[in-house]
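Text of the file start_26.pdb, holding PDB, C-alpha atoms:
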MODEL        1
ATOM      1  CA  MET J  10     -27.812 128.393 -37.318  1.00  0.00           C
ATOM      2  CA  ILE J  11     -29.018 124.961 -38.413  1.00  0.00           C
ATOM      3  CA  ALA J  12     -27.653 123.017 -41.368  1.00  0.00           C
ATOM      4  CA  PRO J  13     -30.402 122.338 -43.960  1.00  0.00           C
ATOM      5  CA  VAL J  14     -30.112 118.553 -43.705  1.00  0.00           C
ATOM      6  CA  PHE J  15     -33.878 117.993 -43.611  1.00  0.00           C
ATOM      7  CA  THR J  16     -34.477 120.160 -46.699  1.00  0.00           C
ATOM      8  CA  ALA J  17     -31.744 118.400 -48.695  1.00  0.00           C
ATOM      9  CA  CYS J  18     -33.023 114.944 -47.755  1.00  0.00           C
ATOM     10  CA  TYR J  19     -36.696 115.809 -48.321  1.00  0.00           C
ATOM     11  CA  ALA J  20     -35.825 116.821 -51.890  1.00  0.00           C
ATOM     12  CA  SER J  21     -34.578 113.281 -52.580  1.00  0.00           C
ATOM     13  CA  GLU J  22     -37.086 110.765 -53.956  1.00  0.00           C
ATOM     14  CA  ALA J  23     -34.799 107.905 -52.894  1.00  0.00           C
ATOM     15  CA  VAL J  24     -34.829 109.125 -49.279  1.00  0.00           C
ATOM     16  CA  LYS J  25     -38.616 109.600 -49.336  1.00  0.00           C
ATOM     17  CA  ASN J  26     -39.088 106.107 -50.807  1.00  0.00           C
ATOM     18  CA  LEU J  27     -37.232 104.663 -47.801  1.00  0.00           C
ATOM     19  CA  LEU J  28     -38.161 107.059 -44.981  1.00  0.00           C
ATOM     20  CA  GLY J  29     -41.650 108.133 -46.016  1.00  0.00           C
ATOM     21  CA  ASP J  30     -43.028 111.415 -47.224  1.00  0.00           C
ATOM     22  CA  SER J  31     -45.582 112.594 -44.683  1.00  0.00           C
ATOM     23  CA  PRO J  32     -43.818 112.672 -42.358  1.00  0.00           C
ATOM     24  CA  LEU J  33     -40.279 112.072 -43.512  1.00  0.00           C
ATOM     25  CA  ARG J  34     -38.813 109.875 -40.770  1.00  0.00           C
ATOM     26  CA  LEU J  35     -35.662 112.010 -40.427  1.00  0.00           C
ATOM     27  CA  TYR J  36     -35.710 113.590 -36.995  1.00  0.00           C
ATOM     28  CA  PRO J  37     -33.531 115.920 -34.960  1.00  0.00           C
ATOM     29  CA  PHE J  38     -31.936 113.774 -32.250  1.00  0.00           C
ATOM     30  CA  GLY J  39     -34.461 112.899 -29.543  1.00  0.00           C
ATOM     31  CA  MET J  40     -37.486 114.202 -31.458  1.00  0.00           C
ATOM     32  CA  GLN J  41     -38.888 110.957 -32.904  1.00  0.00           C
ATOM     33  CA  ASP J  42     -42.077 109.919 -31.131  1.00  0.00           C
ATOM     34  CA  ASP J  43     -42.757 106.737 -29.189  1.00  0.00           C
ATOM     35  CA  ASN J  44     -44.536 105.143 -32.170  1.00  0.00           C
ATOM     36  CA  VAL J  45     -41.331 104.288 -34.023  1.00  0.00           C
ATOM     37  CA  ILE J  46     -41.633 103.093 -37.618  1.00  0.00           C
ATOM     38  CA  TYR J  47     -38.531 101.578 -39.212  1.00  0.00           C
ATOM     39  CA  PRO J  48     -36.471 102.553 -41.061  1.00  0.00           C
ATOM     40  CA  TYR J  49     -35.805 106.047 -39.765  1.00  0.00           C
ATOM     41  CA  ALA J  50     -32.847 108.361 -39.233  1.00  0.00           C
ATOM     42  CA  VAL J  51     -31.829 110.991 -36.701  1.00  0.00           C
ATOM     43  CA  TRP J  52     -29.320 113.803 -36.875  1.00  0.00           C
ATOM     44  CA  GLN J  53     -27.629 116.058 -34.362  1.00  0.00           C
ATOM     45  CA  ASN J  54     -25.091 118.866 -34.281  1.00  0.00           C
ATOM     46  CA  ILE J  55     -21.760 117.673 -32.939  1.00  0.00           C
ATOM     47  CA  SER J  56     -20.040 121.020 -33.295  1.00  0.00           C
ATOM     48  CA  GLY J  57     -20.200 124.253 -35.207  1.00  0.00           C
ATOM     49  CA  GLU J  58     -18.828 127.728 -35.437  1.00  0.00           C
ATOM     50  CA  PRO J  59     -19.280 130.944 -37.382  1.00  0.00           C
ATOM     51  CA  GLU J  60     -16.708 131.870 -40.008  1.00  0.00           C
ATOM     52  CA  ASN J  61     -15.301 134.814 -38.030  1.00  0.00           C
ATOM     53  CA  TYR J  62     -13.386 137.741 -39.555  1.00  0.00           C
ATOM     54  CA  LEU J  63     -11.659 140.743 -37.998  1.00  0.00           C
ATOM     55  CA  ALA J  64     -13.209 143.324 -40.341  1.00  0.00           C
ATOM     56  CA  GLN J  65     -16.791 142.089 -40.692  1.00  0.00           C
ATOM     57  CA  ARG J  66     -19.489 139.834 -39.344  1.00  0.00           C
ATOM     58  CA  PRO J  67     -19.391 136.145 -40.302  1.00  0.00           C
ATOM     59  CA  ASP J  68     -20.858 135.334 -43.709  1.00  0.00           C
ATOM     60  CA  ALA J  69     -21.217 131.586 -43.100  1.00  0.00           C
ATOM     61  CA  ASP J  70     -21.574 129.010 -40.357  1.00  0.00           C
ATOM     62  CA  SER J  71     -19.836 125.627 -40.278  1.00  0.00           C
ATOM     63  CA  PHE J  72     -21.503 122.572 -38.756  1.00  0.00           C
ATOM     64  CA  THR J  73     -20.505 119.006 -38.056  1.00  0.00           C
ATOM     65  CA  LEU J  74     -23.522 116.710 -37.912  1.00  0.00           C
ATOM     66  CA  GLN J  75     -23.865 113.088 -36.927  1.00  0.00           C
ATOM     67  CA  ILE J  76     -26.450 111.097 -38.884  1.00  0.00           C
ATOM     68  CA  ASP J  77     -27.694 107.740 -37.584  1.00  0.00           C
ATOM     69  CA  ALA J  78     -29.929 105.452 -39.631  1.00  0.00           C
ATOM     70  CA  TYR J  79     -31.887 102.587 -38.037  1.00  0.00           C
ATOM     71  CA  ALA J  80     -33.572  99.681 -39.824  1.00  0.00           C
ATOM     72  CA  ASP J  81     -34.741  96.104 -39.402  1.00  0.00           C
ATOM     73  CA  THR J  82     -32.046  94.499 -41.562  1.00  0.00           C
ATOM     74  CA  PRO J  83     -28.407  95.206 -42.474  1.00  0.00           C
ATOM     75  CA  ASP J  84     -29.300  95.626 -46.164  1.00  0.00           C
ATOM     76  CA  GLU J  85     -32.081  98.085 -45.361  1.00  0.00           C
ATOM     77  CA  VAL J  86     -29.899 100.266 -43.114  1.00  0.00           C
ATOM     78  CA  ILE J  87     -27.173 100.374 -45.775  1.00  0.00           C
ATOM     79  CA  SER J  88     -29.775 101.425 -48.368  1.00  0.00           C
ATOM     80  CA  VAL J  89     -31.002 104.216 -46.090  1.00  0.00           C
ATOM     81  CA  ALA J  90     -27.445 105.414 -45.384  1.00  0.00           C
ATOM     82  CA  ALA J  91     -26.638 105.385 -49.117  1.00  0.00           C
ATOM     83  CA  ALA J  92     -29.790 107.377 -49.973  1.00  0.00           C
ATOM     84  CA  LEU J  93     -28.985 109.935 -47.255  1.00  0.00           C
ATOM     85  CA  ARG J  94     -25.382 110.140 -48.505  1.00  0.00           C
ATOM     86  CA  ASP J  95     -26.531 110.772 -52.064  1.00  0.00           C
ATOM     87  CA  ALA J  96     -28.963 113.478 -50.922  1.00  0.00           C
ATOM     88  CA  ILE J  97     -26.419 115.256 -48.708  1.00  0.00           C
ATOM     89  CA  GLU J  98     -23.215 115.099 -50.795  1.00  0.00           C
ATOM     90  CA  PRO J  99     -24.267 117.749 -53.362  1.00  0.00           C
ATOM     91  CA  HIS J 100     -24.455 120.222 -50.438  1.00  0.00           C
ATOM     92  CA  ALA J 101     -21.898 119.078 -47.846  1.00  0.00           C
ATOM     93  CA  TYR J 102     -19.000 116.701 -47.177  1.00  0.00           C
ATOM     94  CA  ILE J 103     -19.142 113.265 -45.573  1.00  0.00           C
ATOM     95  CA  THR J 104     -16.193 113.245 -43.163  1.00  0.00           C
ATOM     96  CA  ARG J 105     -16.567 109.955 -41.291  1.00  0.00           C
ATOM     97  CA  TRP J 106     -18.123 106.581 -41.879  1.00  0.00           C
ATOM     98  CA  GLY J 107     -18.957 105.419 -38.383  1.00  0.00           C
ATOM     99  CA  GLY J 108     -20.202 102.301 -36.711  1.00  0.00           C
ATOM    100  CA  GLN J 109     -22.386  99.656 -38.255  1.00  0.00           C
ATOM    101  CA  GLU J 110     -23.900  97.669 -35.474  1.00  0.00           C
ATOM    102  CA  LEU J 111     -26.886  95.943 -33.975  1.00  0.00           C
ATOM    103  CA  ASP J 112     -28.143  98.489 -31.453  1.00  0.00           C
ATOM    104  CA  ALA J 113     -28.357  96.854 -28.025  1.00  0.00           C
ATOM    105  CA  GLU J 114     -31.379  98.878 -26.906  1.00  0.00           C
ATOM    106  CA  THR J 115     -33.586  98.809 -30.024  1.00  0.00           C
ATOM    107  CA  ARG J 116     -32.363  95.467 -31.444  1.00  0.00           C
ATOM    108  CA  ARG J 117     -32.269  97.206 -34.835  1.00  0.00           C
ATOM    109  CA  TYR J 118     -29.354  97.815 -37.167  1.00  0.00           C
ATOM    110  CA  ARG J 119     -27.625 101.189 -37.045  1.00  0.00           C
ATOM    111  CA  TYR J 120     -25.330 102.955 -39.507  1.00  0.00           C
ATOM    112  CA  SER J 121     -23.649 106.203 -38.448  1.00  0.00           C
ATOM    113  CA  PHE J 122     -21.750 108.876 -40.377  1.00  0.00           C
ATOM    114  CA  ASP J 123     -20.660 112.499 -39.950  1.00  0.00           C
ATOM    115  CA  VAL J 124     -21.160 115.461 -42.255  1.00  0.00           C
ATOM    116  CA  ASP J 125     -19.396 118.828 -42.428  1.00  0.00           C
ATOM    117  CA  TRP J 126     -21.665 121.544 -43.775  1.00  0.00           C
ATOM    118  CA  ILE J 127     -20.890 125.197 -44.561  1.00  0.00           C
ATOM    119  CA  VAL J 128     -24.050 127.293 -44.624  1.00  0.00           C
ATOM    120  CA  PRO J 129     -23.873 130.788 -46.130  1.00  0.00           C
ATOM    121  CA  ARG J 130     -25.793 133.416 -44.188  1.00  0.00           C
TER
ENDMDL
END

Show the structure stored in the file as structure tokens.
Amino acid sequence: MIAPVFTACYASEAVKNLLGDSPLRLYPFGMQDDNVIYPYAVWQNISGEPENYLAQRPDADSFTLQIDAYADTPDEVISVAAALRDAIEPHAYITRWGGQELDAETRRYRYSFDVDWIVPR
């Protein structure tokens, strides 16, 4: 019932080089602690549904995730987004390249994108 985004990203050396290894600074939305270390990324489910059939139980679940990377510089946030993209694309589809902005609250750079993921049961 959860897309394996953390597992896919943790398997990537490029992601770990940018977001750390212990812990990997890739958090479910709202779960990063108050001692924020940049760069980091968060993810959240935007939507999802089981692959329903009339004759049997679902054999897969579909998820749409939003991924947001935060960093100190524009180049760093683009590097983090690219590493996350490369780690995720063998398993799922990038469906939207979102905003690239200076976050008003954190005063850090943000890069957002969406992922559609089909997870077999």

Residue neighbourhood Val89 in chain J, 9 Å, all atoms listed in the file, exclusion window fewer than 4 positions, as a ChimeraX atom specification: /J:23-24,27-28,48-50,78-80,84-85,93-94,120

Could those residues be written to a file, using C-alpha atoms, as a PDB file, in the coordinates of the input?
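result_3.pdb, written as the output of this step:
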ATOM      1  CA  ALA J  23     -34.799 107.905 -52.894  1.00  0.00           C
ATOM      2  CA  VAL J  24     -34.829 109.125 -49.279  1.00  0.00           C
ATOM      3  CA  LEU J  27     -37.232 104.663 -47.801  1.00  0.00           C
ATOM      4  CA  LEU J  28     -38.161 107.059 -44.981  1.00  0.00           C
ATOM      5  CA  PRO J  48     -36.471 102.553 -41.061  1.00  0.00           C
ATOM      6  CA  TYR J  49     -35.805 106.047 -39.765  1.00  0.00           C
ATOM      7  CA  ALA J  50     -32.847 108.361 -39.233  1.00  0.00           C
ATOM      8  CA  ALA J  78     -29.929 105.452 -39.631  1.00  0.00           C
ATOM      9  CA  TYR J  79     -31.887 102.587 -38.037  1.00  0.00           C
ATOM     10  CA  ALA J  80     -33.572  99.681 -39.824  1.00  0.00           C
ATOM     11  CA  ASP J  84     -29.300  95.626 -46.164  1.00  0.00           C
ATOM     12  CA  GLU J  85     -32.081  98.085 -45.361  1.00  0.00           C
ATOM     13  CA  LEU J  93     -28.985 109.935 -47.255  1.00  0.00           C
ATOM     14  CA  ARG J  94     -25.382 110.140 -48.505  1.00  0.00           C
ATOM     15  CA  TYR J 120     -25.330 102.955 -39.507  1.00  0.00           C
TER      16      TYR J 120
END

How big is the axis-aligned box, and where does its centre sit, when it encloses all atoms of range 66-75 of chain J listed in the file and has 3 Å added on every side, reported in Å to one decimal as AutoDock Vina command-line options?
--center_x -21.6 --center_y 126.5 --center_z -40.3 --size_x 10.5 --size_y 32.7 --size_z 12.8

Within 6 Å of Ala69 in chain J using only C-alpha atoms, minus same-chain residues under 3 positions, as a count of residues only: 4

Who sits within 10 Å of Lys25 in chain J, only C-alpha atoms, same chain under 6 positions skipped, as a PyMOL selection string: chain J and resi 18-19+31-35+89+92-93

Selection under test: the PyMOL selection byres ((chain J and resi 58) around 9); residues as a ChimeraX atom specification: /J:56-57,59-61,69-72

Selection result of the PyMOL selection byres ((chain J and resi 83) around 9) on this file, as a PDB file with C-alpha atoms, keeping the file's coordinate frame:
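Result file result26.pdb:
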ATOM      1  CA  ALA J  80     -33.572  99.681 -39.824  1.00  0.00           C
ATOM      2  CA  ASP J  81     -34.741  96.104 -39.402  1.00  0.00           C
ATOM      3  CA  THR J  82     -32.046  94.499 -41.562  1.00  0.00           C
ATOM      4  CA  ASP J  84     -29.300  95.626 -46.164  1.00  0.00           C
ATOM      5  CA  GLU J  85     -32.081  98.085 -45.361  1.00  0.00           C
ATOM      6  CA  VAL J  86     -29.899 100.266 -43.114  1.00  0.00           C
ATOM      7  CA  ILE J  87     -27.173 100.374 -45.775  1.00  0.00           C
ATOM      8  CA  SER J  88     -29.775 101.425 -48.368  1.00  0.00           C
ATOM      9  CA  GLN J 109     -22.386  99.656 -38.255  1.00  0.00           C
ATOM     10  CA  GLU J 110     -23.900  97.669 -35.474  1.00  0.00           C
ATOM     11  CA  LEU J 111     -26.886  95.943 -33.975  1.00  0.00           C
ATOM     12  CA  ARG J 117     -32.269  97.206 -34.835  1.00  0.00           C
ATOM     13  CA  TYR J 118     -29.354  97.815 -37.167  1.00  0.00           C
ATOM     14  CA  ARG J 119     -27.625 101.189 -37.045  1.00  0.00           C
ATOM     15  CA  TYR J 120     -25.330 102.955 -39.507  1.00  0.00           C
TER      16      TYR J 120
END

Point (-30.9, 113.3, -40.2) neighbourhood (7 Å, all atoms listed in the file) written as JSON, numbers by chain: {"J": [14, 15, 35, 36, 37, 50, 51, 52, 76, 77]}

Distance criterion (all atoms listed in the file): nearest to Ala96 in chain J out of J:Val124, J:Val45, J:Ile11, J:Gln65: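 Among the listed residues, J:Val124 lies closest to Ala96 in chain J.
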
Of the listed residues J:Thr73, J:Thr16, J:Asn44, J:Ser21, that which approaches Tyr102 in chain J most closely, counting all atoms listed in the file: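 Between J:Thr73, J:Thr16, J:Asn44, J:Ser21, the residue approaching Tyr102 in chain J most closely is J:Thr73.
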
Separation of CA of Ile55 in chain J from CA of Pro67 in chain J in Å: 20.0 Å

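With distances restricted to all atoms listed in the file, J:Ser121 is the closest residue to Ala91 in chain J from J:Asp68, J:Asp112, J:Met40, J:Ser121.
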
Point-to-point distance in Å for CA of Thr115 in chain J and CA of Glu22 in chain J: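 Going from CA of Glu22 in chain J over to CA of Thr115 in chain J, I get 27.0 Å.
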
Interatomic distance (Å, one decimal) between CA of Ile46 in chain J and CA of Ala12 in chain J: 24.6 Å

Output range 58-69 of chain J with all heavy atoms present, as a PDB file, in the frame of the given file.
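Writing the result to result.pdb gives the following:
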ATOM      1  N   GLU J  58     -19.392 126.419 -35.744  1.00  0.00           N
ATOM      2  CA  GLU J  58     -18.828 127.728 -35.437  1.00  0.00           C
ATOM      3  C   GLU J  58     -19.088 128.667 -36.593  1.00  0.00           C
ATOM      4  O   GLU J  58     -19.206 128.244 -37.750  1.00  0.00           O
ATOM      5  CB  GLU J  58     -17.320 127.635 -35.177  1.00  0.00           C
ATOM      6  CG  GLU J  58     -16.531 127.112 -36.348  1.00  0.00           C
ATOM      7  CD  GLU J  58     -15.069 126.877 -36.017  1.00  0.00           C
ATOM      8  OE1 GLU J  58     -14.754 126.559 -34.867  1.00  0.00           O
ATOM      9  OE2 GLU J  58     -14.250 127.031 -36.924  1.00  0.00           O
ATOM     10  N   PRO J  59     -19.176 129.965 -36.303  1.00  0.00           N
ATOM     11  CA  PRO J  59     -19.280 130.944 -37.382  1.00  0.00           C
ATOM     12  C   PRO J  59     -17.912 131.131 -38.040  1.00  0.00           C
ATOM     13  O   PRO J  59     -16.880 130.886 -37.426  1.00  0.00           O
ATOM     14  CB  PRO J  59     -19.723 132.218 -36.658  1.00  0.00           C
ATOM     15  CG  PRO J  59     -19.279 132.037 -35.250  1.00  0.00           C
ATOM     16  CD  PRO J  59     -19.272 130.561 -34.982  1.00  0.00           C
ATOM     17  N   GLU J  60     -17.941 131.519 -39.293  1.00  0.00           N
ATOM     18  CA  GLU J  60     -16.708 131.870 -40.008  1.00  0.00           C
ATOM     19  C   GLU J  60     -16.373 133.315 -39.629  1.00  0.00           C
ATOM     20  O   GLU J  60     -16.851 134.259 -40.253  1.00  0.00           O
ATOM     21  CB  GLU J  60     -16.897 131.727 -41.518  1.00  0.00           C
ATOM     22  CG  GLU J  60     -17.180 130.317 -41.976  1.00  0.00           C
ATOM     23  CD  GLU J  60     -16.016 129.378 -41.741  1.00  0.00           C
ATOM     24  OE1 GLU J  60     -14.852 129.765 -41.953  1.00  0.00           O
ATOM     25  OE2 GLU J  60     -16.278 128.226 -41.340  1.00  0.00           O
ATOM     26  N   ASN J  61     -15.586 133.486 -38.569  1.00  0.00           N
ATOM     27  CA  ASN J  61     -15.301 134.814 -38.030  1.00  0.00           C
ATOM     28  C   ASN J  61     -14.206 135.527 -38.817  1.00  0.00           C
ATOM     29  O   ASN J  61     -13.258 134.908 -39.298  1.00  0.00           O
ATOM     30  CB  ASN J  61     -14.880 134.708 -36.564  1.00  0.00           C
ATOM     31  CG  ASN J  61     -16.047 134.346 -35.680  1.00  0.00           C
ATOM     32  OD1 ASN J  61     -17.105 134.942 -35.798  1.00  0.00           O
ATOM     33  ND2 ASN J  61     -15.867 133.375 -34.807  1.00  0.00           N
ATOM     34  N   TYR J  62     -14.357 136.865 -38.898  1.00  0.00           N
ATOM     35  CA  TYR J  62     -13.386 137.741 -39.555  1.00  0.00           C
ATOM     36  C   TYR J  62     -13.119 138.929 -38.647  1.00  0.00           C
ATOM     37  O   TYR J  62     -13.973 139.315 -37.842  1.00  0.00           O
ATOM     38  CB  TYR J  62     -13.931 138.259 -40.894  1.00  0.00           C
ATOM     39  CG  TYR J  62     -14.368 137.159 -41.831  1.00  0.00           C
ATOM     40  CD1 TYR J  62     -15.720 136.843 -41.966  1.00  0.00           C
ATOM     41  CD2 TYR J  62     -13.450 136.441 -42.572  1.00  0.00           C
ATOM     42  CE1 TYR J  62     -16.133 135.835 -42.824  1.00  0.00           C
ATOM     43  CE2 TYR J  62     -13.858 135.429 -43.429  1.00  0.00           C
ATOM     44  CZ  TYR J  62     -15.199 135.134 -43.547  1.00  0.00           C
ATOM     45  OH  TYR J  62     -15.594 134.139 -44.395  1.00  0.00           O
ATOM     46  N   LEU J  63     -11.968 139.555 -38.793  1.00  0.00           N
ATOM     47  CA  LEU J  63     -11.659 140.743 -37.998  1.00  0.00           C
ATOM     48  C   LEU J  63     -12.442 141.966 -38.475  1.00  0.00           C
ATOM     49  O   LEU J  63     -12.832 142.801 -37.679  1.00  0.00           O
ATOM     50  CB  LEU J  63     -10.159 141.041 -38.026  1.00  0.00           C
ATOM     51  CG  LEU J  63      -9.271 140.012 -37.322  1.00  0.00           C
ATOM     52  CD1 LEU J  63      -7.806 140.360 -37.535  1.00  0.00           C
ATOM     53  CD2 LEU J  63      -9.607 139.940 -35.842  1.00  0.00           C
ATOM     54  N   ALA J  64     -12.661 142.092 -39.780  1.00  0.00           N
ATOM     55  CA  ALA J  64     -13.209 143.324 -40.341  1.00  0.00           C
ATOM     56  C   ALA J  64     -14.723 143.288 -40.583  1.00  0.00           C
ATOM     57  O   ALA J  64     -15.285 144.301 -40.971  1.00  0.00           O
ATOM     58  CB  ALA J  64     -12.495 143.648 -41.646  1.00  0.00           C
ATOM     59  N   GLN J  65     -15.362 142.158 -40.382  1.00  0.00           N
ATOM     60  CA  GLN J  65     -16.791 142.089 -40.692  1.00  0.00           C
ATOM     61  C   GLN J  65     -17.431 140.943 -39.926  1.00  0.00           C
ATOM     62  O   GLN J  65     -16.750 140.093 -39.364  1.00  0.00           O
ATOM     63  CB  GLN J  65     -17.010 141.879 -42.192  1.00  0.00           C
ATOM     64  CG  GLN J  65     -16.533 140.504 -42.659  1.00  0.00           C
ATOM     65  CD  GLN J  65     -16.577 140.339 -44.161  1.00  0.00           C
ATOM     66  OE1 GLN J  65     -16.117 141.226 -44.863  1.00  0.00           O
ATOM     67  NE2 GLN J  65     -17.125 139.234 -44.623  1.00  0.00           N
ATOM     68  N   ARG J  66     -18.738 140.926 -39.960  1.00  0.00           N
ATOM     69  CA  ARG J  66     -19.489 139.834 -39.344  1.00  0.00           C
ATOM     70  C   ARG J  66     -19.288 138.559 -40.163  1.00  0.00           C
ATOM     71  O   ARG J  66     -18.977 138.613 -41.354  1.00  0.00           O
ATOM     72  CB  ARG J  66     -20.978 140.172 -39.322  1.00  0.00           C
ATOM     73  CG  ARG J  66     -21.317 141.331 -38.413  1.00  0.00           C
ATOM     74  CD  ARG J  66     -22.811 141.591 -38.378  1.00  0.00           C
ATOM     75  NE  ARG J  66     -23.494 140.389 -37.907  1.00  0.00           N
ATOM     76  CZ  ARG J  66     -24.703 140.020 -38.310  1.00  0.00           C
ATOM     77  NH1 ARG J  66     -25.379 140.742 -39.181  1.00  0.00           N
ATOM     78  NH2 ARG J  66     -25.268 138.925 -37.831  1.00  0.00           N
ATOM     79  N   PRO J  67     -19.496 137.406 -39.560  1.00  0.00           N
ATOM     80  CA  PRO J  67     -19.391 136.145 -40.302  1.00  0.00           C
ATOM     81  C   PRO J  67     -20.384 136.096 -41.466  1.00  0.00           C
ATOM     82  O   PRO J  67     -21.487 136.622 -41.362  1.00  0.00           O
ATOM     83  CB  PRO J  67     -19.737 135.085 -39.258  1.00  0.00           C
ATOM     84  CG  PRO J  67     -19.478 135.733 -37.944  1.00  0.00           C
ATOM     85  CD  PRO J  67     -19.791 137.184 -38.145  1.00  0.00           C
ATOM     86  N   ASP J  68     -19.964 135.484 -42.562  1.00  0.00           N
ATOM     87  CA  ASP J  68     -20.858 135.334 -43.709  1.00  0.00           C
ATOM     88  C   ASP J  68     -21.297 133.881 -43.912  1.00  0.00           C
ATOM     89  O   ASP J  68     -22.024 133.570 -44.848  1.00  0.00           O
ATOM     90  CB  ASP J  68     -20.212 135.874 -44.978  1.00  0.00           C
ATOM     91  CG  ASP J  68     -18.930 135.148 -45.340  1.00  0.00           C
ATOM     92  OD1 ASP J  68     -18.482 134.265 -44.575  1.00  0.00           O
ATOM     93  OD2 ASP J  68     -18.356 135.468 -46.405  1.00  0.00           O
ATOM     94  N   ALA J  69     -20.851 133.002 -43.009  1.00  0.00           N
ATOM     95  CA  ALA J  69     -21.217 131.586 -43.100  1.00  0.00           C
ATOM     96  C   ALA J  69     -21.038 130.935 -41.729  1.00  0.00           C
ATOM     97  O   ALA J  69     -20.309 131.453 -40.877  1.00  0.00           O
ATOM     98  CB  ALA J  69     -20.350 130.868 -44.129  1.00  0.00           C
TER      99      ALA J  69
END
